[in-house]
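To start, the structure itself, in C-alpha cells.
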Amino acid sequence: MNNIIELIQLFKEKFGYTDGVRVFFAPGRVNLIGEHTDYNGGYVFPAALTFGTWAAAASREDGVYRFRSANFDTGADVVVSELVYREEDDWANYPKGVLNELVKRAGQEPFKGADILYYGNIPNGAGLSSSASIELATGLALSKLAELEMDMLELVKLGQNAENQFVGVNCGIMDQFAVGMGKEDHAIALKCDTLDYHYVPIKIDGYKIVITNTNKRRGLADSKYNERREECEEGLKLIQSQLPELESLGDLSIEQWERVKRVIKNDVISRRVEHVVTEDDRVLSAMKALEANDLKKFGELMKESHVSLRDLYEVTGFELDTLFEEAAKVEGCIGTRMTGAGFGGCSVSIVREEAVEEFKSVVSENYHAKTGLQPEFYVCDLGDGAKEIL
Ligand code: GLA
C-alpha cells in the first residue's frame, strides 16, 4: 500500500462503493525514556512516529459495523447491541472494544453503522503500539461518523479503557496518550497520574533516532507485564505503612525511598520499586539535559535506563540485552535502550547521522551471530498524533 488513493481503491473492492469515505490516521509511538512508570503514576517521555494505521471509513444506516484490514484476512461484522470479545476476531477486537466504550458513553443512538478498512505499517508485535494506533484511529473515525464532539484526551482514555476492559490487557496510559496527542518533531513530557504534559522539541541536528526490532516474538509478555504491576502495587502498600500520604510510586522521591526502603524485606519487590523511583528521576534529568542541549547526557541516561530495566525490573531478556550491548559499542551511538514493555520488541538508539549505516551493519552482524535472529532497523521521524486526513 503506497498511498491513500490505493487505500480507497481497496475500500471499493471490499465494500463496493467510495461515496462518503473519510480517511483517518493514528501513528505508532516510541518511548525515549521512562519505562514501566506510567501505571505507577510517574513520568514518561514518548513521541509519535510517522508510521501508523490508516482507517478509511464510511457511514451505514443499518446498524452494522464491518471492520476489514488490508494486512490481515480476518475481520468482524458486529452490531452495537452484541459487542463481545471473541478470540477468533483477532485484531478486530480492538475496534470492537473502542465501539463498546463509545456506546457506554453516548448510548446506542448515535451509532448507526459503518464500514472501515484499516491499513497499518507498524511492525506487528514490535512494541511500537500498533494496538493503541488502531484504537485511536477507530475512536476518531467512529466518533466523527457519529457526529460526536469528543476531544482527543477523551479518545485517549477511551482507548485505554477498551484495552483494559474489553481486550483484557492491563496497560497504562502512555501508548494511547502518545498516539493521540503526539506532535511533529516533539516528544511529550507526561506525568501519568495527573496527565499534566508539555511538548519538548527534539532538535537533534546531526543525529537520528534509530529503532531496532529484535524480531523476537513477545511470548508471555502480558502475564509478565501484569506480574510487574502487582509487584509494584505490593511495594506501594508496604511503603504506605511508612508514608500514608503517598498515592503512587511515581510520587516517591529517591530521598524518601532511601529512608523507607528497609520496610520491604522481599528483594524482588525492592528492586522493582528501586527501578521505578530511579527511572522517574532519570526522565526528569533527561528532560533537563535536552533543555541544556546536552545530548550526550541524555544518551547516558538512556543506557542507565536499560541497565535498570535489565537488572532491577527484569523485563529485557537475551535479545534486547544483546542489541543493547552491540549498539552501545558502536562509535556514534550515544544512547540506546529497550523501549515499550520489553520481553522482546524494539530498542531505540540515538546515532550520529554519518554513523547510521555502520551502526546498522555492525549491530546486524553481531546480533545475528549471537541470537540467530535478523534485526530490522527503522530510522524514524517524529510525527503528529491521530487526525483526519481526508
Ligand atoms: C506497554 C504499555 C504501556 C507502558 C509500557 C512500559 O507499552 O502499554 O502502558 O506500561 O509498556 O513502559
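Residues in the C-alpha cells are numbered from 1 in each chain, the chains being A, B, ... in the order shown, and ligands are numbered from 1 in the order shown.
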Quick one: residues within 12 Å of Glu365 of chain A, only C-alpha atoms, excluding same-chain residues fewer than 2 positions away - as a compact mmCIF listing (two decimals) with N, CA and C atoms, in the first residue's frame?
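What follows is the written file selection26.txt:
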# COMPACT_ATOMS: atom_id res chain seq x y z
N THR A 322 21.36 -8.21 24.14
CA THR A 322 22.39 -8.33 23.10
C THR A 322 22.37 -7.08 22.20
N LEU A 323 21.18 -6.68 21.80
CA LEU A 323 21.06 -5.45 20.98
C LEU A 323 21.70 -4.28 21.72
N GLU A 326 25.55 -4.54 21.75
CA GLU A 326 26.15 -4.34 20.43
C GLU A 326 25.96 -2.89 19.97
N ALA A 327 24.80 -2.32 20.24
CA ALA A 327 24.56 -0.92 19.84
C ALA A 327 25.49 0.02 20.61
N GLU A 358 26.88 2.31 9.32
CA GLU A 358 27.81 1.47 10.06
C GLU A 358 27.09 0.81 11.25
N PHE A 359 26.28 1.60 11.94
CA PHE A 359 25.50 1.09 13.08
C PHE A 359 24.66 -0.10 12.63
N LYS A 360 23.96 0.09 11.52
CA LYS A 360 23.08 -0.98 11.04
C LYS A 360 23.86 -2.24 10.72
N SER A 361 24.97 -2.08 10.00
CA SER A 361 25.65 -3.30 9.56
C SER A 361 26.36 -4.00 10.72
N VAL A 362 26.99 -3.23 11.61
CA VAL A 362 27.71 -3.87 12.73
C VAL A 362 26.72 -4.53 13.70
N VAL A 363 25.67 -3.79 14.06
CA VAL A 363 24.71 -4.35 15.02
C VAL A 363 24.04 -5.58 14.41
N TYR A 367 24.53 -9.05 16.25
CA TYR A 367 23.28 -9.54 16.87
C TYR A 367 22.90 -10.89 16.26
N HIS A 368 23.03 -10.98 14.96
CA HIS A 368 22.70 -12.23 14.28
C HIS A 368 23.62 -13.36 14.75
N ALA A 369 24.90 -13.05 14.86
CA ALA A 369 25.85 -14.08 15.29
C ALA A 369 25.49 -14.62 16.67
N LYS A 370 25.01 -13.75 17.54
CA LYS A 370 24.74 -14.20 18.92
C LYS A 370 23.35 -14.79 19.11
N THR A 371 22.38 -14.34 18.32
CA THR A 371 21.00 -14.76 18.60
C THR A 371 20.41 -15.63 17.48
N GLY A 372 21.05 -15.60 16.30
CA GLY A 372 20.48 -16.32 15.17
C GLY A 372 19.31 -15.57 14.54
N LEU A 373 18.98 -14.38 15.06
CA LEU A 373 17.86 -13.61 14.52
C LEU A 373 18.36 -12.45 13.68
N GLN A 374 17.55 -12.06 12.71
CA GLN A 374 17.89 -10.91 11.88
C GLN A 374 17.16 -9.69 12.41
N PRO A 375 17.86 -8.67 12.86
CA PRO A 375 17.14 -7.48 13.36
C PRO A 375 16.66 -6.61 12.20
N GLU A 376 15.74 -5.71 12.47
CA GLU A 376 15.33 -4.73 11.45
C GLU A 376 15.52 -3.33 12.02
**Request:** Return as a count of residues only every polymer residue, whether protein, DNA or RNA, with at least one atom no more than 7 Å from an atom of ligand 1; count only C-alpha atoms and all ligand atoms.
**Result:** 15
Please, which residues in segment 38-78 of chain A fall within 12 Å of segment 16-19 of chain A when counting only C-alpha atoms, and what is the closest atom pair and distance in Å to one decimal for each, ordered by chain then residue number, as a tab-separated table?
residue	atom	partner	partner_atom	distance
A:Ala56	CA	A:Thr18	CA	9.6
A:Ala57	CA	A:Thr18	CA	9.5
A:Ala58	CA	A:Asp19	CA	7.8
A:Ser59	CA	A:Asp19	CA	9.6
A:Arg60	CA	A:Asp19	CA	11.1
**Prompt:** Out of segment 149-324 of chain A, which residues get strand (DSSP E) from DSSP, as a ChimeraX atom specification?
**Reply:** /A:186-191,197-201,207-213
**Message:** Given only C-alpha atoms as the basis, pick out the residue of A:Ala132, A:Ile254, A:Cys346, A:Ala146 nearest to Glu163 of chain A.
**Reply:**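 Among the listed residues, the smallest separation from Glu163 of chain A belongs to A:Ala132.
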**Asked** Distance atom CA of Thr339 of chain A-atom CA of Lys96 of chain A, one decimal place?
**Response**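 Pair atom CA of Thr339 of chain A / atom CA of Lys96 of chain A returns 27.5 Å.
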**Item:** All residues 12 Å or closer to Thr194 of chain A, only C-alpha atoms, same chain fewer than 2 positions away omitted, as a list of chain:residue names
**Value:**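 Those residues are A:Asp38, A:Tyr39, A:Asn40, A:Gly41, A:Gly42, A:Tyr43, A:Ile173, A:Leu190, A:Lys191, A:Cys192, A:Asp196, A:Tyr197, A:Glu247, A:Ser248, A:Gly250, A:Asp251.
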**Prompt:** Where in segment 96-338 of chain A does DSSP assign helix (DSSP H, G or I), given as a ChimeraX atom specification?
**Reply:** /A:96-106,130-145,152-167,174-181,221-240,249-251,254-263,267-291,295-311,318-329
If you count only C-alpha atoms, which residues fall within 10 Å of Gly385 of chain A, apart from same-chain ones fewer than 3 positions away, as a PDB file with N, CA, C and O atoms, in the first residue's frame?
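Result saved to part-v3.pdb:
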ATOM      1  N   PHE A  25      -5.984   8.829  10.440  1.00  0.00           N
ATOM      2  CA  PHE A  25      -4.650   8.249  10.668  1.00  0.00           C
ATOM      3  C   PHE A  25      -4.308   8.327  12.153  1.00  0.00           C
ATOM      4  O   PHE A  25      -4.603   9.324  12.806  1.00  0.00           O
ATOM      5  N   ALA A  26      -3.721   7.274  12.669  1.00  0.00           N
ATOM      6  CA  ALA A  26      -3.143   7.339  14.024  1.00  0.00           C
ATOM      7  C   ALA A  26      -1.774   6.667  13.979  1.00  0.00           C
ATOM      8  O   ALA A  26      -1.621   5.593  13.406  1.00  0.00           O
ATOM      9  N   PRO A  27      -0.779   7.326  14.585  1.00  0.00           N
ATOM     10  CA  PRO A  27       0.595   6.822  14.494  1.00  0.00           C
ATOM     11  C   PRO A  27       0.898   5.687  15.486  1.00  0.00           C
ATOM     12  O   PRO A  27       0.064   5.375  16.343  1.00  0.00           O
ATOM     13  N   GLY A  28       2.092   5.110  15.362  1.00  0.00           N
ATOM     14  CA  GLY A  28       2.663   4.294  16.437  1.00  0.00           C
ATOM     15  C   GLY A  28       3.445   5.231  17.353  1.00  0.00           C
ATOM     16  O   GLY A  28       3.465   6.442  17.130  1.00  0.00           O
ATOM     17  N   ARG A  29       4.100   4.676  18.349  1.00  0.00           N
ATOM     18  CA  ARG A  29       4.892   5.544  19.236  1.00  0.00           C
ATOM     19  C   ARG A  29       6.197   4.857  19.629  1.00  0.00           C
ATOM     20  O   ARG A  29       6.342   3.647  19.554  1.00  0.00           O
ATOM     21  N   ALA A  47       7.083   9.679  22.040  1.00  0.00           N
ATOM     22  CA  ALA A  47       6.809  10.506  20.859  1.00  0.00           C
ATOM     23  C   ALA A  47       6.056   9.679  19.838  1.00  0.00           C
ATOM     24  O   ALA A  47       6.215   8.457  19.777  1.00  0.00           O
ATOM     25  N   ALA A  48       5.231  10.358  19.049  1.00  0.00           N
ATOM     26  CA  ALA A  48       4.514   9.670  17.968  1.00  0.00           C
ATOM     27  C   ALA A  48       5.452   9.514  16.773  1.00  0.00           C
ATOM     28  O   ALA A  48       6.338  10.342  16.555  1.00  0.00           O
ATOM     29  N   LEU A  49       5.241   8.441  16.017  1.00  0.00           N
ATOM     30  CA  LEU A  49       6.070   8.177  14.833  1.00  0.00           C
ATOM     31  C   LEU A  49       5.316   8.601  13.577  1.00  0.00           C
ATOM     32  O   LEU A  49       4.166   9.050  13.657  1.00  0.00           O
ATOM     33  N   THR A  50       5.967   8.467  12.435  1.00  0.00           N
ATOM     34  CA  THR A  50       5.234   8.792  11.200  1.00  0.00           C
ATOM     35  C   THR A  50       4.623   7.545  10.571  1.00  0.00           C
ATOM     36  O   THR A  50       3.854   7.648   9.634  1.00  0.00           O
ATOM     37  N   GLY A  52       2.048   4.251  11.049  1.00  0.00           N
ATOM     38  CA  GLY A  52       0.881   4.053  11.885  1.00  0.00           C
ATOM     39  C   GLY A  52      -0.217   3.289  11.178  1.00  0.00           C
ATOM     40  O   GLY A  52       0.043   2.428  10.333  1.00  0.00           O
ATOM     41  N   SER A 133      -2.609   2.385  18.240  1.00  0.00           N
ATOM     42  CA  SER A 133      -2.807   3.083  16.971  1.00  0.00           C
ATOM     43  C   SER A 133      -4.162   2.707  16.345  1.00  0.00           C
ATOM     44  O   SER A 133      -4.913   3.588  15.892  1.00  0.00           O
ATOM     45  N   LEU A 136      -6.950   4.416  18.484  1.00  0.00           N
ATOM     46  CA  LEU A 136      -7.162   5.854  18.282  1.00  0.00           C
ATOM     47  C   LEU A 136      -7.715   6.151  16.890  1.00  0.00           C
ATOM     48  O   LEU A 136      -8.566   7.026  16.730  1.00  0.00           O
ATOM     49  N   ALA A 137      -7.261   5.409  15.880  1.00  0.00           N
ATOM     50  CA  ALA A 137      -7.810   5.610  14.533  1.00  0.00           C
ATOM     51  C   ALA A 137      -9.303   5.284  14.558  1.00  0.00           C
ATOM     52  O   ALA A 137     -10.125   6.004  13.969  1.00  0.00           O
ATOM     53  N   MET A 152      -9.543  14.929  22.008  1.00  0.00           N
ATOM     54  CA  MET A 152      -8.578  13.838  21.841  1.00  0.00           C
ATOM     55  C   MET A 152      -8.282  13.133  23.166  1.00  0.00           C
ATOM     56  O   MET A 152      -8.122  11.916  23.208  1.00  0.00           O
ATOM     57  N   GLN A 176      -1.578   5.191  24.402  1.00  0.00           N
ATOM     58  CA  GLN A 176      -2.711   5.900  23.805  1.00  0.00           C
ATOM     59  C   GLN A 176      -2.469   7.411  23.838  1.00  0.00           C
ATOM     60  O   GLN A 176      -2.855   8.120  22.908  1.00  0.00           O
ATOM     61  N   PHE A 177      -1.850   7.874  24.919  1.00  0.00           N
ATOM     62  CA  PHE A 177      -1.594   9.318  25.021  1.00  0.00           C
ATOM     63  C   PHE A 177      -0.640   9.780  23.919  1.00  0.00           C
ATOM     64  O   PHE A 177      -0.887  10.783  23.240  1.00  0.00           O
ATOM     65  N   ALA A 178       0.423   9.038  23.729  1.00  0.00           N
ATOM     66  CA  ALA A 178       1.409   9.427  22.708  1.00  0.00           C
ATOM     67  C   ALA A 178       0.793   9.362  21.313  1.00  0.00           C
ATOM     68  O   ALA A 178       1.016  10.241  20.474  1.00  0.00           O
ATOM     69  N   VAL A 179       0.008   8.324  21.080  1.00  0.00           N
ATOM     70  CA  VAL A 179      -0.599   8.125  19.762  1.00  0.00           C
ATOM     71  C   VAL A 179      -1.644   9.215  19.482  1.00  0.00           C
ATOM     72  O   VAL A 179      -1.759   9.720  18.368  1.00  0.00           O
ATOM     73  N   GLY A 180      -2.393   9.592  20.512  1.00  0.00           N
ATOM     74  CA  GLY A 180      -3.441  10.600  20.320  1.00  0.00           C
ATOM     75  C   GLY A 180      -2.897  12.016  20.298  1.00  0.00           C
ATOM     76  O   GLY A 180      -3.340  12.862  19.515  1.00  0.00           O
ATOM     77  N   MET A 181      -1.900  12.294  21.146  1.00  0.00           N
ATOM     78  CA  MET A 181      -1.516  13.691  21.397  1.00  0.00           C
ATOM     79  C   MET A 181      -0.164  14.075  20.796  1.00  0.00           C
ATOM     80  O   MET A 181       0.320  15.178  21.037  1.00  0.00           O
ATOM     81  N   GLY A 182       0.471  13.156  20.079  1.00  0.00           N
ATOM     82  CA  GLY A 182       1.803  13.427  19.546  1.00  0.00           C
ATOM     83  C   GLY A 182       1.869  14.686  18.686  1.00  0.00           C
ATOM     84  O   GLY A 182       0.855  15.175  18.191  1.00  0.00           O
ATOM     85  N   LYS A 183       3.083  15.205  18.527  1.00  0.00           N
ATOM     86  CA  LYS A 183       3.281  16.424  17.731  1.00  0.00           C
ATOM     87  C   LYS A 183       4.587  16.293  16.955  1.00  0.00           C
ATOM     88  O   LYS A 183       5.602  15.867  17.524  1.00  0.00           O
ATOM     89  N   GLU A 184       4.530  16.659  15.689  1.00  0.00           N
ATOM     90  CA  GLU A 184       5.696  16.519  14.824  1.00  0.00           C
ATOM     91  C   GLU A 184       6.963  17.109  15.461  1.00  0.00           C
ATOM     92  O   GLU A 184       6.931  18.217  15.999  1.00  0.00           O
ATOM     93  N   LEU A 382       9.679  11.932  14.007  1.00  0.00           N
ATOM     94  CA  LEU A 382       8.597  12.051  14.981  1.00  0.00           C
ATOM     95  C   LEU A 382       7.445  12.805  14.323  1.00  0.00           C
ATOM     96  O   LEU A 382       7.641  13.868  13.723  1.00  0.00           O
TER      97      LEU A 382
END
**Prompt:** Nearest to Asn366 of chain A: which of A:Met338, A:Leu7, A:Val210, A:Val330 is it, counting only C-alpha atoms?
**Reply:** A:Val330
When you look at Asp321 of chain A with a cut-off of 9 Å (counting only C-alpha atoms), what residues show up, excluding the ones that are within fewer than 5 positions of it in the same chain? I need them as a PDB file with all heavy atoms, in the first residue's frame.
ATOM      1  N   HIS A 306      18.211   1.337  30.525  1.00  0.00           N
ATOM      2  CA  HIS A 306      18.232  -0.062  30.077  1.00  0.00           C
ATOM      3  C   HIS A 306      18.800  -0.972  31.161  1.00  0.00           C
ATOM      4  O   HIS A 306      18.239  -2.041  31.454  1.00  0.00           O
ATOM      5  CB  HIS A 306      19.028  -0.230  28.785  1.00  0.00           C
ATOM      6  CG  HIS A 306      18.962  -1.644  28.267  1.00  0.00           C
ATOM      7  ND1 HIS A 306      18.058  -2.026  27.302  1.00  0.00           N
ATOM      8  CD2 HIS A 306      19.623  -2.767  28.631  1.00  0.00           C
ATOM      9  CE1 HIS A 306      18.191  -3.339  27.093  1.00  0.00           C
ATOM     10  NE2 HIS A 306      19.137  -3.807  27.882  1.00  0.00           N
ATOM     11  N   VAL A 307      19.894  -0.538  31.757  1.00  0.00           N
ATOM     12  CA  VAL A 307      20.546  -1.372  32.774  1.00  0.00           C
ATOM     13  C   VAL A 307      19.580  -1.630  33.943  1.00  0.00           C
ATOM     14  O   VAL A 307      19.475  -2.738  34.467  1.00  0.00           O
ATOM     15  CB  VAL A 307      21.853  -0.694  33.253  1.00  0.00           C
ATOM     16  CG1 VAL A 307      22.414  -1.377  34.491  1.00  0.00           C
ATOM     17  CG2 VAL A 307      22.873  -0.707  32.110  1.00  0.00           C
ATOM     18  N   ARG A 310      17.008  -4.044  32.943  1.00  0.00           N
ATOM     19  CA  ARG A 310      17.606  -5.377  32.844  1.00  0.00           C
ATOM     20  C   ARG A 310      17.830  -5.986  34.237  1.00  0.00           C
ATOM     21  O   ARG A 310      17.398  -7.102  34.500  1.00  0.00           O
ATOM     22  CB  ARG A 310      18.956  -5.242  32.117  1.00  0.00           C
ATOM     23  CG  ARG A 310      19.693  -6.564  31.919  1.00  0.00           C
ATOM     24  CD  ARG A 310      21.096  -6.315  31.380  1.00  0.00           C
ATOM     25  NE  ARG A 310      21.936  -5.688  32.399  1.00  0.00           N
ATOM     26  CZ  ARG A 310      23.097  -5.087  32.154  1.00  0.00           C
ATOM     27  NH1 ARG A 310      23.576  -5.006  30.920  1.00  0.00           N
ATOM     28  NH2 ARG A 310      23.799  -4.552  33.130  1.00  0.00           N
ATOM     29  N   THR A 316      14.010  -7.325  30.163  1.00  0.00           N
ATOM     30  CA  THR A 316      14.706  -7.211  28.883  1.00  0.00           C
ATOM     31  C   THR A 316      14.827  -8.575  28.193  1.00  0.00           C
ATOM     32  O   THR A 316      14.139  -8.834  27.221  1.00  0.00           O
ATOM     33  CB  THR A 316      16.096  -6.575  29.062  1.00  0.00           C
ATOM     34  OG1 THR A 316      16.802  -7.296  30.062  1.00  0.00           O
ATOM     35  CG2 THR A 316      15.986  -5.122  29.460  1.00  0.00           C
ATOM     36  N   GLU A 326      25.546  -4.542  21.753  1.00  0.00           N
ATOM     37  CA  GLU A 326      26.145  -4.338  20.428  1.00  0.00           C
ATOM     38  C   GLU A 326      25.962  -2.891  19.972  1.00  0.00           C
ATOM     39  O   GLU A 326      26.860  -2.298  19.373  1.00  0.00           O
ATOM     40  CB  GLU A 326      25.557  -5.320  19.411  1.00  0.00           C
ATOM     41  CG  GLU A 326      25.856  -6.783  19.718  1.00  0.00           C
ATOM     42  CD  GLU A 326      27.341  -7.055  19.943  1.00  0.00           C
ATOM     43  OE1 GLU A 326      28.177  -6.394  19.304  1.00  0.00           O
ATOM     44  OE2 GLU A 326      27.664  -7.923  20.787  1.00  0.00           O
ATOM     45  N   ARG A 337      18.533   1.967  24.379  1.00  0.00           N
ATOM     46  CA  ARG A 337      17.785   1.255  25.433  1.00  0.00           C
ATOM     47  C   ARG A 337      16.618   0.503  24.810  1.00  0.00           C
ATOM     48  O   ARG A 337      16.234   0.768  23.685  1.00  0.00           O
ATOM     49  CB  ARG A 337      17.248   2.237  26.482  1.00  0.00           C
ATOM     50  CG  ARG A 337      16.325   3.299  25.904  1.00  0.00           C
ATOM     51  CD  ARG A 337      15.855   4.279  26.965  1.00  0.00           C
ATOM     52  NE  ARG A 337      14.905   3.650  27.836  1.00  0.00           N
ATOM     53  CZ  ARG A 337      13.599   3.532  27.588  1.00  0.00           C
ATOM     54  NH1 ARG A 337      13.073   4.034  26.485  1.00  0.00           N
ATOM     55  NH2 ARG A 337      12.810   2.945  28.444  1.00  0.00           N
ATOM     56  N   MET A 338      16.084  -0.442  25.572  1.00  0.00           N
ATOM     57  CA  MET A 338      14.838  -1.061  25.128  1.00  0.00           C
ATOM     58  C   MET A 338      13.719  -0.029  25.216  1.00  0.00           C
ATOM     59  O   MET A 338      13.792   0.915  25.994  1.00  0.00           O
ATOM     60  CB  MET A 338      14.478  -2.287  25.986  1.00  0.00           C
ATOM     61  CG  MET A 338      14.332  -2.014  27.466  1.00  0.00           C
ATOM     62  SD  MET A 338      13.192  -3.157  28.301  1.00  0.00           S
ATOM     63  CE  MET A 338      11.613  -2.300  28.141  1.00  0.00           C
TER      64      MET A 338
END
**Prompt:** With only C-alpha atoms as the basis for distance, which of A:Leu243, A:Val169, A:Leu195, A:Met1 is at the shortest distance from Lys224 of chain A?
**Reply:** A:Val169
**Asked** Can you list, as a PyMOL selection string, every protein, DNA or RNA residue that comes within 10 Å of Ser349 of chain A when you count only C-alpha atoms, leaving out same-chain residues fewer than 4 positions away?
**Response** chain A and resi 32+207-212+299+302-303+324+327-328+333-339+359+379
**Prompt:** So how far away is atom CA of Ser308 of chain A from atom CA of His275 of chain A, in Å?
**Reply:**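 Result for atom CA of His275 of chain A versus atom CA of Ser308 of chain A: 5.9 Å, one decimal.
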**Request:** Work out how far apart atom CA of Arg68 of chain A and atom CA of Gly342 of chain A are and give it in Å to one decimal.
**Result:** 29.3 Å
**Request:** Considering only C-alpha atoms, return as a ChimeraX atom specification whatever protein or nucleic-acid residues lie within 10 Å of Gly206 of chain A, sequence-local ones (same chain, fewer than 6 positions apart) excluded.
**Result:** /A:351-354
Mind dumping the selected residues with N, CA and C atoms as a short mmCIF file (atom, residue, chain, number, x, y, z; two decimals), in the first residue's frame?
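What landed in again13.cif:
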data_model
loop_
_atom_site.label_atom_id
_atom_site.label_comp_id
_atom_site.auth_asym_id
_atom_site.auth_seq_id
_atom_site.Cartn_x
_atom_site.Cartn_y
_atom_site.Cartn_z
N VAL A 351 21.82 7.95 17.18
CA VAL A 351 23.03 7.63 16.43
C VAL A 351 23.42 8.84 15.55
N ARG A 352 24.71 9.15 15.55
CA ARG A 352 25.20 10.22 14.69
C ARG A 352 24.89 9.89 13.23
N GLU A 353 24.41 10.90 12.50
CA GLU A 353 23.91 10.67 11.15
C GLU A 353 24.89 9.89 10.27
N GLU A 354 26.17 10.30 10.28
CA GLU A 354 27.13 9.61 9.40
C GLU A 354 27.40 8.18 9.85
#
**Message:** Taking only C-alpha atoms into account, name the residue in A:Tyr199, A:Trp54, A:Tyr313, A:Phe15 that is nearest to Arg66 of chain A.
**Reply:**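 The answer is A:Phe15, which sits nearest to Arg66 of chain A.
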